[in-house]
$ cat upload_5.pdb   # PDB, C-alpha atoms, pLDDT in the B column
MODEL        1
ATOM      1  CA  TYR A  18     -25.102 -43.619 -24.957  1.00 79.00           C
ATOM      2  CA  VAL A  19     -21.815 -42.451 -26.456  1.00 86.00           C
ATOM      3  CA  THR A  20     -23.631 -40.558 -29.212  1.00 89.00           C
ATOM      4  CA  ILE A  21     -26.055 -38.927 -26.779  1.00 89.00           C
ATOM      5  CA  GLY A  22     -23.186 -37.904 -24.498  1.00 91.00           C
ATOM      6  CA  MET A  23     -21.281 -36.440 -27.438  1.00 91.00           C
ATOM      7  CA  ILE A  24     -24.316 -34.435 -28.588  1.00 90.00           C
ATOM      8  CA  ALA A  25     -24.965 -33.199 -25.024  1.00 91.00           C
ATOM      9  CA  PHE A  26     -21.363 -31.998 -24.830  1.00 90.00           C
ATOM     10  CA  MET A  27     -21.672 -30.293 -28.214  1.00 91.00           C
ATOM     11  CA  GLY A  28     -24.913 -28.521 -27.299  1.00 90.00           C
ATOM     12  CA  SER A  29     -23.608 -27.241 -23.953  1.00 90.00           C
ATOM     13  CA  THR A  30     -20.236 -26.138 -25.331  1.00 89.00           C
ATOM     14  CA  LEU A  31     -21.660 -24.250 -28.295  1.00 87.00           C
ATOM     15  CA  HIS A  32     -24.888 -23.190 -26.540  1.00 88.00           C
ATOM     16  CA  ALA A  33     -26.680 -24.553 -29.610  1.00 89.00           C
ATOM     17  CA  PRO A  34     -29.168 -27.239 -28.529  1.00 90.00           C
ATOM     18  CA  LEU A  35     -31.076 -27.316 -31.838  1.00 91.00           C
ATOM     19  CA  ALA A  36     -27.891 -27.784 -33.833  1.00 91.00           C
ATOM     20  CA  ALA A  37     -26.921 -30.643 -31.502  1.00 91.00           C
ATOM     21  CA  LEU A  38     -30.272 -32.389 -31.956  1.00 91.00           C
ATOM     22  CA  ILE A  39     -30.134 -32.037 -35.744  1.00 92.00           C
ATOM     23  CA  THR A  40     -26.640 -33.483 -35.711  1.00 91.00           C
ATOM     24  CA  LEU A  41     -27.877 -36.387 -33.597  1.00 90.00           C
ATOM     25  CA  LEU A  42     -30.654 -37.132 -36.068  1.00 89.00           C
ATOM     26  CA  GLU A  43     -28.289 -36.945 -39.046  1.00 88.00           C
ATOM     27  CA  MET A  44     -25.747 -39.235 -37.397  1.00 88.00           C
ATOM     28  CA  THR A  45     -28.168 -41.967 -36.299  1.00 88.00           C
ATOM     29  CA  TYR A  46     -31.050 -41.738 -38.816  1.00 87.00           C
ATOM     30  CA  ASN A  47     -33.246 -42.799 -35.885  1.00 87.00           C
ATOM     31  CA  PRO A  48     -36.064 -40.435 -34.820  1.00 86.00           C
ATOM     32  CA  ASP A  49     -36.631 -42.465 -31.645  1.00 87.00           C
ATOM     33  CA  ILE A  50     -33.369 -41.160 -30.189  1.00 87.00           C
ATOM     34  CA  ILE A  51     -34.510 -37.527 -30.326  1.00 89.00           C
ATOM     35  CA  LEU A  52     -36.370 -37.645 -26.988  1.00 91.00           C
ATOM     36  CA  PRO A  53     -33.472 -38.998 -24.852  1.00 91.00           C
ATOM     37  CA  GLY A  54     -31.128 -36.760 -26.786  1.00 90.00           C
ATOM     38  CA  MET A  55     -33.325 -33.747 -26.043  1.00 92.00           C
ATOM     39  CA  LEU A  56     -33.319 -34.532 -22.317  1.00 93.00           C
ATOM     40  CA  ALA A  57     -29.522 -34.901 -22.297  1.00 93.00           C
ATOM     41  CA  VAL A  58     -28.961 -31.670 -24.240  1.00 92.00           C
ATOM     42  CA  ILE A  59     -31.335 -29.674 -22.012  1.00 92.00           C
ATOM     43  CA  MET A  60     -29.667 -30.924 -18.822  1.00 93.00           C
ATOM     44  CA  ALA A  61     -26.199 -30.228 -20.220  1.00 92.00           C
ATOM     45  CA  ASN A  62     -27.197 -26.677 -21.234  1.00 90.00           C
ATOM     46  CA  VAL A  63     -28.709 -25.955 -17.826  1.00 91.00           C
ATOM     47  CA  VAL A  64     -25.497 -27.071 -16.114  1.00 91.00           C
ATOM     48  CA  SER A  65     -23.327 -25.072 -18.514  1.00 89.00           C
ATOM     49  CA  ARG A  66     -25.329 -21.827 -18.528  1.00 87.00           C
ATOM     50  CA  VAL A  67     -27.022 -21.665 -15.132  1.00 88.00           C
ATOM     51  CA  VAL A  68     -24.775 -23.639 -12.794  1.00 89.00           C
ATOM     52  CA  CYS A  69     -21.311 -23.031 -14.267  1.00 86.00           C
ATOM     53  CA  LYS A  70     -22.223 -19.759 -16.066  1.00 84.00           C
ATOM     54  CA  LYS A  71     -20.024 -20.592 -19.041  1.00 86.00           C
ATOM     55  CA  GLU A  72     -19.901 -18.674 -22.329  1.00 83.00           C
ATOM     56  CA  PRO A  73     -20.157 -20.337 -25.740  1.00 87.00           C
ATOM     57  CA  VAL A  74     -16.768 -21.642 -26.828  1.00 83.00           C
ATOM     58  CA  PHE A  75     -16.648 -19.453 -29.942  1.00 82.00           C
ATOM     59  CA  LEU A  76     -17.185 -16.256 -27.940  1.00 81.00           C
ATOM     60  CA  ARG A  77     -14.484 -17.340 -25.524  1.00 80.00           C
ATOM     61  CA  LEU A  78     -12.016 -17.980 -28.352  1.00 81.00           C
ATOM     62  CA  LEU A  79     -12.731 -14.550 -29.844  1.00 77.00           C
ATOM     63  CA  LYS A  80     -12.081 -12.865 -26.497  1.00 75.00           C
ATOM     64  CA  VAL A  81      -8.814 -14.779 -26.063  1.00 77.00           C
ATOM     65  CA  ARG A  82      -7.696 -13.479 -29.467  1.00 74.00           C
ATOM     66  CA  GLY A  83      -8.663  -9.934 -28.507  1.00 66.00           C
ATOM     67  CA  VAL A  84     -11.616  -9.696 -30.893  1.00 66.00           C
ATOM     68  CA  SER A  85     -14.601  -7.781 -29.581  1.00 62.00           C
ATOM     69  CA  VAL A  86     -17.960  -9.526 -29.623  1.00 64.00           C
ATOM     70  CA  HIS A  87     -20.044  -6.419 -28.917  1.00 62.00           C
ATOM     71  CA  SER A  88     -22.617  -5.693 -31.588  1.00 63.00           C
ATOM     72  CA  ASN A  89     -24.232  -2.413 -30.498  1.00 73.00           C
ATOM     73  CA  PRO A  90     -23.825   0.531 -32.929  1.00 76.00           C
ATOM     74  CA  VAL A  91     -21.547   2.543 -30.628  1.00 76.00           C
ATOM     75  CA  SER A  92     -19.085  -0.325 -30.154  1.00 78.00           C
ATOM     76  CA  GLN A  93     -19.103  -1.058 -33.886  1.00 77.00           C
ATOM     77  CA  TRP A  94     -18.270   2.566 -34.682  1.00 81.00           C
ATOM     78  CA  LEU A  95     -15.514   2.681 -32.063  1.00 82.00           C
ATOM     79  CA  GLN A  96     -13.969  -0.463 -33.533  1.00 82.00           C
ATOM     80  CA  ARG A  97     -13.806   1.093 -36.998  1.00 84.00           C
ATOM     81  CA  ALA A  98     -12.057   4.314 -35.918  1.00 88.00           C
ATOM     82  CA  GLY A  99      -8.394   4.531 -34.927  1.00 90.00           C
ATOM     83  CA  VAL A 100      -6.996   6.660 -32.128  1.00 92.00           C
ATOM     84  CA  GLU A 101      -4.769   8.657 -34.488  1.00 91.00           C
ATOM     85  CA  SER A 102      -7.807   9.880 -36.427  1.00 91.00           C
ATOM     86  CA  VAL A 103      -9.292  11.750 -33.441  1.00 92.00           C
ATOM     87  CA  MET A 104      -6.426  12.296 -30.974  1.00 93.00           C
ATOM     88  CA  ASP A 105      -5.257  15.789 -30.026  1.00 93.00           C
ATOM     89  CA  PRO A 106      -1.725  16.303 -31.415  1.00 92.00           C
ATOM     90  CA  SER A 107      -1.273  19.534 -29.448  1.00 92.00           C
ATOM     91  CA  VAL A 108       1.016  18.115 -26.756  1.00 92.00           C
ATOM     92  CA  LEU A 109       4.460  19.106 -25.491  1.00 90.00           C
ATOM     93  CA  ALA A 110       6.811  16.601 -23.865  1.00 89.00           C
ATOM     94  CA  VAL A 111       9.075  17.998 -21.139  1.00 89.00           C
ATOM     95  CA  SER A 112      11.014  16.750 -18.143  1.00 88.00           C
ATOM     96  CA  LEU A 113       9.237  16.467 -14.806  1.00 87.00           C
ATOM     97  CA  THR A 114      11.854  18.898 -13.496  1.00 86.00           C
ATOM     98  CA  PRO A 115      12.044  21.208 -16.520  1.00 85.00           C
ATOM     99  CA  GLU A 116      15.176  23.039 -17.526  1.00 83.00           C
ATOM    100  CA  ASP A 117      15.066  26.721 -18.443  1.00 83.00           C
ATOM    101  CA  LYS A 118      14.683  25.917 -22.149  1.00 87.00           C
ATOM    102  CA  GLU A 119      11.762  23.564 -21.507  1.00 84.00           C
ATOM    103  CA  LEU A 120      10.192  26.043 -19.108  1.00 84.00           C
ATOM    104  CA  GLN A 121      10.320  28.763 -21.734  1.00 86.00           C
ATOM    105  CA  ALA A 122       8.803  26.356 -24.276  1.00 87.00           C
ATOM    106  CA  ILE A 123       5.879  25.717 -21.924  1.00 86.00           C
ATOM    107  CA  LEU A 124       5.275  29.431 -21.343  1.00 85.00           C
ATOM    108  CA  ALA A 125       5.762  30.467 -24.967  1.00 85.00           C
ATOM    109  CA  GLY A 126       3.878  27.580 -26.558  1.00 78.00           C
ATOM    110  CA  LYS A 127       0.166  27.016 -27.056  1.00 82.00           C
ATOM    111  CA  SER A 128       0.076  23.271 -26.491  1.00 88.00           C
ATOM    112  CA  ARG A 129      -3.177  22.104 -24.942  1.00 91.00           C
ATOM    113  CA  TRP A 130      -1.394  19.314 -23.063  1.00 93.00           C
ATOM    114  CA  ILE A 131       1.941  19.034 -21.254  1.00 91.00           C
ATOM    115  CA  LEU A 132       3.282  15.518 -20.656  1.00 91.00           C
ATOM    116  CA  ALA A 133       6.077  15.394 -18.085  1.00 89.00           C
ATOM    117  CA  TYR A 134       8.673  12.625 -18.313  1.00 88.00           C
ATOM    118  CA  GLN A 135      10.830  11.220 -15.526  1.00 83.00           C
ATOM    119  CA  GLU A 136      13.685   8.879 -16.414  1.00 79.00           C
ATOM    120  CA  LYS A 137      12.356   8.493 -19.990  1.00 78.00           C
ATOM    121  CA  LEU A 138       8.883   7.458 -18.773  1.00 81.00           C
ATOM    122  CA  PRO A 139       5.757   9.654 -18.638  1.00 85.00           C
ATOM    123  CA  ALA A 140       5.055  10.682 -15.056  1.00 85.00           C
ATOM    124  CA  ALA A 141       2.246  13.269 -15.216  1.00 88.00           C
ATOM    125  CA  LEU A 142      -0.125  14.932 -17.679  1.00 92.00           C
ATOM    126  CA  PHE A 143      -1.213  18.541 -17.210  1.00 91.00           C
ATOM    127  CA  ASP A 144      -3.674  20.834 -18.895  1.00 91.00           C
ATOM    128  CA  GLY A 145      -1.517  23.310 -20.809  1.00 89.00           C
ATOM    129  CA  ASP A 146      -3.443  26.488 -19.975  1.00 90.00           C
ATOM    130  CA  ARG A 147      -3.737  25.685 -16.280  1.00 89.00           C
ATOM    131  CA  LEU A 148      -0.055  24.810 -16.054  1.00 88.00           C
ATOM    132  CA  ARG A 149       0.992  28.029 -17.802  1.00 87.00           C
ATOM    133  CA  ASN A 150      -1.179  30.120 -15.487  1.00 88.00           C
ATOM    134  CA  CYS A 151       0.301  28.355 -12.482  1.00 86.00           C
ATOM    135  CA  LEU A 152       3.855  28.947 -13.724  1.00 84.00           C
ATOM    136  CA  VAL A 153       3.161  32.619 -14.439  1.00 83.00           C
ATOM    137  CA  GLU A 154       1.776  33.110 -10.940  1.00 81.00           C
ATOM    138  CA  LYS A 155       4.842  31.415  -9.477  1.00 78.00           C
ATOM    139  CA  GLN A 156       7.201  33.541 -11.550  1.00 72.00           C
ATOM    140  CA  ASN A 157       5.391  36.737 -10.549  1.00 75.00           C
ATOM    141  CA  ALA A 158       5.654  35.740  -6.903  1.00 71.00           C
ATOM    142  CA  ASN A 159       9.403  35.149  -7.325  1.00 61.00           C
ATOM    143  CA  THR A 160      10.105  38.320  -9.342  1.00 54.00           C
ATOM    144  CA  PRO A 161      11.824  40.328  -6.548  1.00 54.00           C
ATOM    145  CA  ASN A 162      14.287  37.538  -5.848  1.00 51.00           C
ATOM    146  CA  ARG A 163      13.932  35.039  -8.680  1.00 49.00           C
ATOM    147  CA  PRO A 164      15.890  31.809  -8.125  1.00 48.00           C
ATOM    148  CA  GLU A 165      17.823  30.092 -10.869  1.00 49.00           C
ATOM    149  CA  ASN A 166      15.238  27.329 -11.156  1.00 49.00           C
ATOM    150  CA  PRO A 167      11.790  28.723 -10.298  1.00 51.00           C
ATOM    151  CA  CYS A 168      10.123  25.341 -10.904  1.00 57.00           C
ATOM    152  CA  PRO A 169      11.869  22.421  -9.169  1.00 63.00           C
ATOM    153  CA  ALA A 170       9.190  19.925 -10.302  1.00 79.00           C
ATOM    154  CA  LEU A 171       5.853  20.304 -12.062  1.00 83.00           C
ATOM    155  CA  THR A 172       4.162  18.048  -9.525  1.00 79.00           C
ATOM    156  CA  GLU A 173       5.148  20.449  -6.738  1.00 81.00           C
ATOM    157  CA  LEU A 174       3.122  23.346  -8.145  1.00 80.00           C
ATOM    158  CA  GLY A 175      -0.065  22.200  -6.428  1.00 81.00           C
ATOM    159  CA  LEU A 176      -1.713  21.411  -9.769  1.00 84.00           C
ATOM    160  CA  GLU A 177      -3.582  18.102  -9.938  1.00 87.00           C
ATOM    161  CA  PRO A 178      -2.321  15.990 -12.883  1.00 88.00           C
ATOM    162  CA  VAL A 179      -4.740  14.221 -15.206  1.00 89.00           C
ATOM    163  CA  PRO A 180      -4.762  10.416 -14.731  1.00 89.00           C
ATOM    164  CA  VAL A 181      -3.144   9.046 -17.878  1.00 91.00           C
ATOM    165  CA  ALA A 182      -2.212   5.673 -19.383  1.00 92.00           C
ATOM    166  CA  ARG A 183      -0.377   4.500 -22.481  1.00 91.00           C
ATOM    167  CA  CYS A 184      -1.924   3.531 -25.802  1.00 92.00           C
ATOM    168  CA  TYR A 185      -0.380   2.515 -29.133  1.00 91.00           C
ATOM    169  CA  PRO A 186      -1.189   4.356 -32.400  1.00 91.00           C
ATOM    170  CA  GLN A 187      -2.582   1.155 -33.960  1.00 90.00           C
ATOM    171  CA  ALA A 188      -5.353   0.846 -31.352  1.00 91.00           C
ATOM    172  CA  THR A 189      -9.012   1.486 -32.097  1.00 90.00           C
ATOM    173  CA  LEU A 190     -11.200   3.834 -30.100  1.00 91.00           C
ATOM    174  CA  TRP A 191     -12.945   0.829 -28.560  1.00 87.00           C
ATOM    175  CA  GLU A 192      -9.597  -0.538 -27.350  1.00 89.00           C
ATOM    176  CA  ALA A 193      -8.651   2.924 -26.067  1.00 92.00           C
ATOM    177  CA  ARG A 194     -11.873   3.164 -24.083  1.00 90.00           C
ATOM    178  CA  GLU A 195     -11.266  -0.303 -22.636  1.00 88.00           C
ATOM    179  CA  ILE A 196      -7.776   0.801 -21.518  1.00 92.00           C
ATOM    180  CA  MET A 197      -9.286   3.870 -19.821  1.00 92.00           C
ATOM    181  CA  ASN A 198     -11.866   1.745 -18.014  1.00 91.00           C
ATOM    182  CA  ARG A 199      -9.281  -0.821 -16.952  1.00 90.00           C
ATOM    183  CA  THR A 200      -6.758   1.733 -15.683  1.00 90.00           C
ATOM    184  CA  THR A 201      -9.369   4.240 -14.379  1.00 90.00           C
ATOM    185  CA  SER A 202      -7.643   7.002 -16.332  1.00 91.00           C
ATOM    186  CA  ASP A 203      -9.206  10.042 -17.986  1.00 91.00           C
ATOM    187  CA  ALA A 204      -6.699  10.347 -20.826  1.00 94.00           C
ATOM    188  CA  LEU A 205      -4.250   8.314 -22.901  1.00 94.00           C
ATOM    189  CA  TYR A 206      -0.937   9.373 -24.378  1.00 94.00           C
ATOM    190  CA  ILE A 207      -0.437   7.915 -27.844  1.00 92.00           C
ATOM    191  CA  GLN A 208       3.161   6.818 -28.273  1.00 89.00           C
ATOM    192  CA  SER A 209       4.903   4.655 -30.826  1.00 85.00           C
ATOM    193  CA  PRO A 210       6.027   1.258 -29.440  1.00 80.00           C
ATOM    194  CA  TYR A 211       9.227   1.588 -31.447  1.00 80.00           C
ATOM    195  CA  ASP A 212      10.190   4.930 -29.922  1.00 76.00           C
ATOM    196  CA  PRO A 213       9.593   5.116 -26.142  1.00 70.00           C
ATOM    197  CA  GLU A 214      11.397   8.462 -25.941  1.00 72.00           C
ATOM    198  CA  LYS A 215       9.750  11.890 -26.069  1.00 74.00           C
ATOM    199  CA  SER A 216      10.131  11.948 -29.851  1.00 77.00           C
ATOM    200  CA  GLY A 217       7.704   9.005 -30.140  1.00 82.00           C
ATOM    201  CA  LEU A 218       4.820  10.929 -28.582  1.00 88.00           C
ATOM    202  CA  ARG A 219       1.960  11.347 -31.090  1.00 90.00           C
ATOM    203  CA  GLY A 220      -0.846  12.986 -29.139  1.00 92.00           C
ATOM    204  CA  ILE A 221      -3.388  12.838 -26.318  1.00 94.00           C
ATOM    205  CA  LEU A 222      -6.781  11.129 -26.305  1.00 94.00           C
ATOM    206  CA  THR A 223      -9.380  11.924 -23.652  1.00 93.00           C
ATOM    207  CA  ARG A 224     -12.779  10.496 -22.786  1.00 90.00           C
ATOM    208  CA  LYS A 225     -14.357  13.756 -23.935  1.00 90.00           C
ATOM    209  CA  ILE A 226     -12.808  13.362 -27.391  1.00 90.00           C
ATOM    210  CA  ILE A 227     -14.130   9.807 -27.707  1.00 88.00           C
ATOM    211  CA  ASP A 228     -17.605  10.777 -26.513  1.00 86.00           C
ATOM    212  CA  SER A 229     -17.788  13.674 -28.959  1.00 84.00           C
ATOM    213  CA  HIS A 230     -17.196  11.391 -31.958  1.00 76.00           C
ATOM    214  CA  TYR A 231     -20.212   9.103 -31.649  1.00 67.00           C
TER     215      TYR A 231
ENDMDL
END
$ encode --input "upload_5.pdb" --output "structure tokens"
Amino acid sequence: YVTIGMIAFMGSTLHAPLAALITLLEMTYNPDIILPGMLAVIMANVVSRVVCKKEPVFLRLLKVRGVSVHSNPVSQWLQRAGVESVMDPSVLAVSLTPEDKELQAILAGKSRWILAYQEKLPAALFDGDRLRNCLVEKQNANTPNRPENPCPALTELGLEPVPVARCYPQATLWEAREIMNRTTSDALYIQSPYDPEKSGLRGILTRKIIDSHY
């Protein structure tokens, strides 16, 4: 009974009933025990898979360690490519309430993305062209009586920011896509974990960039 119980536990935990039965036969050298062992293993697997809906222990351990168990070609390709290999480095980091120097850098530059920081933390991501057009329209409207600071805050321009989350440079594209799905964001800013300031910003990664590379 102890041996049959042990084999039933093994088969249900590993989701490997044949391996459990072979182990039972090798341990006992008694073919007559195969039938009761088969019944015990089948019942244990039904309880584990159907009733409790448990995963095999090895898959669970891999997930705990952060290792992907997906085997489709797209996931395999995404796991082999790093975010730094496909990210868009054309990004400018500014303050959420930009100073005159930062404002001129936005208007004069050609960065495709503008990441606004507030208290050393990213607060909003904007499309560079749309933000520049919005700033130019605001400046033209204020030309007759231009104030000292024509842009109190980028979020007050009426421009919808792009939902963004953080990702480390060491991450793979599969991990980046998982972060996007988990945070419901459309883009990631790639920043070094050792430099949380603006100088540590590496680039921007969007869903469109990931989709265009597989």
$ residues_around --input "upload_5.pdb" --residues "A:Thr40" --least-positions-apart "2" --cutoff "12 Å" --atoms "only C-alpha atoms" --output "list in words"
Thr20, Ile21, Met23, Ile24, Ala25, Met27, Gly28, Ala33, Pro34, Leu35, Ala36, Ala37, Leu38, Leu42, Glu43, Met44, Thr45, Tyr46, Asn47, Pro48, Ile50, Ile51, Gly54, Met55 and Val58 of chain A
$ residues_around --input "upload_5.pdb" --residues "A:Glu119" --least-positions-apart "4" --cutoff "12 Å" --atoms "only C-alpha atoms" --output "list in words"
Leu109, Ala110, Val111, Ser112, Leu113, Thr114, Pro115, Ile123, Leu124, Ala125, Gly126, Ile131, Leu132, Ala133, Tyr134, Asn166, Cys168 and Leu171 of chain A
$ closest_residue --input "upload_5.pdb" --among "A:Glu195, A:Glu154, A:Glu214, A:Asp228" --to "A:Gln135" --atoms "only C-alpha atoms"
A:Glu214
$ closest_residue --input "upload_5.pdb" --among "A:Ser92, A:Gln121, A:Ser102, A:Gln187" --to "A:Pro210" --atoms "all atoms listed in the file"
A:Gln187
$ axis_aligned_box --input "upload_5.pdb" --around "stretch 168-184 of chain A" --padding-each-side "8 Å" --output "lines of an AutoDock Vina configuration file"
center_x = 3.6
center_y = 14.4
center_z = -16.1
size_x = 32.6
size_y = 37.8
size_z = 35.4
$ atom_distance --input "upload_5.pdb" --atom1 "atom CA of A:Leu176" --atom2 "atom CA of A:Asp105"
21.3 Å
$ atom_distance --input "upload_5.pdb" --atom1 "atom CA of A:Arg224" --atom2 "atom CA of A:Pro139"
19.0 Å
$ residues_around --input "upload_5.pdb" --residues "A:Tyr206" --least-positions-apart "3" --cutoff "8 Å" --atoms "all atoms listed in the file" --output "PDB file with C-alpha atoms, in the coordinates of the input"
ATOM      1  CA  VAL A 181      -3.144   9.046 -17.878  1.00 91.00           C
ATOM      2  CA  ALA A 182      -2.212   5.673 -19.383  1.00 92.00           C
ATOM      3  CA  ARG A 183      -0.377   4.500 -22.481  1.00 91.00           C
ATOM      4  CA  CYS A 184      -1.924   3.531 -25.802  1.00 92.00           C
ATOM      5  CA  LEU A 218       4.820  10.929 -28.582  1.00 88.00           C
ATOM      6  CA  ARG A 219       1.960  11.347 -31.090  1.00 90.00           C
ATOM      7  CA  GLY A 220      -0.846  12.986 -29.139  1.00 92.00           C
ATOM      8  CA  ILE A 221      -3.388  12.838 -26.318  1.00 94.00           C
ATOM      9  CA  LEU A 222      -6.781  11.129 -26.305  1.00 94.00           C
TER      10      LEU A 222
END
$ decode --input "upload_5.pdb" --residues "stretch 47-61 of chain A" --atoms "N, CA, C and O atoms" --output "JSON list (two decimals), in the first residue's frame"
[["chain", "number", "residue", "atom", "x", "y", "z"],
["A", 47, "ASN", "N", 7.25, -7.18, -9.41],
["A", 47, "ASN", "CA", 6.03, -7.98, -9.29],
["A", 47, "ASN", "C", 5.00, -7.46, -10.29],
["A", 47, "ASN", "O", 4.40, -6.40, -10.09],
["A", 48, "PRO", "N", 4.77, -8.18, -11.40],
["A", 48, "PRO", "CA", 3.81, -7.70, -12.40],
["A", 48, "PRO", "C", 2.37, -7.70, -11.90],
["A", 48, "PRO", "O", 1.52, -7.01, -12.48],
["A", 49, "ASP", "N", 2.08, -8.44, -10.84],
["A", 49, "ASP", "CA", 0.71, -8.48, -10.33],
["A", 49, "ASP", "C", 0.29, -7.16, -9.68],
["A", 49, "ASP", "O", -0.91, -6.95, -9.45],
["A", 50, "ILE", "N", 1.25, -6.31, -9.35],
["A", 50, "ILE", "CA", 0.91, -5.05, -8.68],
["A", 50, "ILE", "C", 0.59, -3.94, -9.68],
["A", 50, "ILE", "O", 0.17, -2.85, -9.29],
["A", 51, "ILE", "N", 0.76, -4.23, -10.98],
["A", 51, "ILE", "CA", 0.54, -3.20, -12.00],
["A", 51, "ILE", "C", -0.93, -2.76, -12.03],
["A", 51, "ILE", "O", -1.23, -1.57, -12.12],
["A", 52, "LEU", "N", -1.87, -3.72, -11.93],
["A", 52, "LEU", "CA", -3.28, -3.37, -12.03],
["A", 52, "LEU", "C", -3.74, -2.45, -10.89],
["A", 52, "LEU", "O", -4.31, -1.39, -11.15],
["A", 53, "PRO", "N", -3.49, -2.80, -9.61],
["A", 53, "PRO", "CA", -3.87, -1.85, -8.54],
["A", 53, "PRO", "C", -3.09, -0.53, -8.62],
["A", 53, "PRO", "O", -3.63, 0.53, -8.32],
["A", 54, "GLY", "N", -1.84, -0.65, -9.06],
["A", 54, "GLY", "CA", -1.07, 0.58, -9.23],
["A", 54, "GLY", "C", -1.64, 1.47, -10.32],
["A", 54, "GLY", "O", -1.68, 2.70, -10.20],
["A", 55, "MET", "N", -2.11, 0.86, -11.41],
["A", 55, "MET", "CA", -2.71, 1.61, -12.50],
["A", 55, "MET", "C", -3.98, 2.34, -12.03],
["A", 55, "MET", "O", -4.20, 3.51, -12.36],
["A", 56, "LEU", "N", -4.82, 1.63, -11.26],
["A", 56, "LEU", "CA", -6.03, 2.26, -10.75],
["A", 56, "LEU", "C", -5.71, 3.44, -9.84],
["A", 56, "LEU", "O", -6.34, 4.50, -9.91],
["A", 57, "ALA", "N", -4.70, 3.28, -8.98],
["A", 57, "ALA", "CA", -4.33, 4.35, -8.06],
["A", 57, "ALA", "C", -3.76, 5.56, -8.81],
["A", 57, "ALA", "O", -4.08, 6.71, -8.51],
["A", 58, "VAL", "N", -2.93, 5.29, -9.82],
["A", 58, "VAL", "CA", -2.32, 6.39, -10.58],
["A", 58, "VAL", "C", -3.38, 7.14, -11.38],
["A", 58, "VAL", "O", -3.37, 8.38, -11.45],
["A", 59, "ILE", "N", -4.32, 6.41, -12.00],
["A", 59, "ILE", "CA", -5.37, 7.06, -12.78],
["A", 59, "ILE", "C", -6.24, 7.94, -11.88],
["A", 59, "ILE", "O", -6.54, 9.10, -12.22],
["A", 60, "MET", "N", -6.63, 7.44, -10.73],
["A", 60, "MET", "CA", -7.46, 8.23, -9.81],
["A", 60, "MET", "C", -6.72, 9.47, -9.32],
["A", 60, "MET", "O", -7.28, 10.56, -9.24],
["A", 61, "ALA", "N", -5.42, 9.29, -9.01],
["A", 61, "ALA", "CA", -4.63, 10.43, -8.53],
["A", 61, "ALA", "C", -4.48, 11.48, -9.62],
["A", 61, "ALA", "O", -4.55, 12.69, -9.35]]
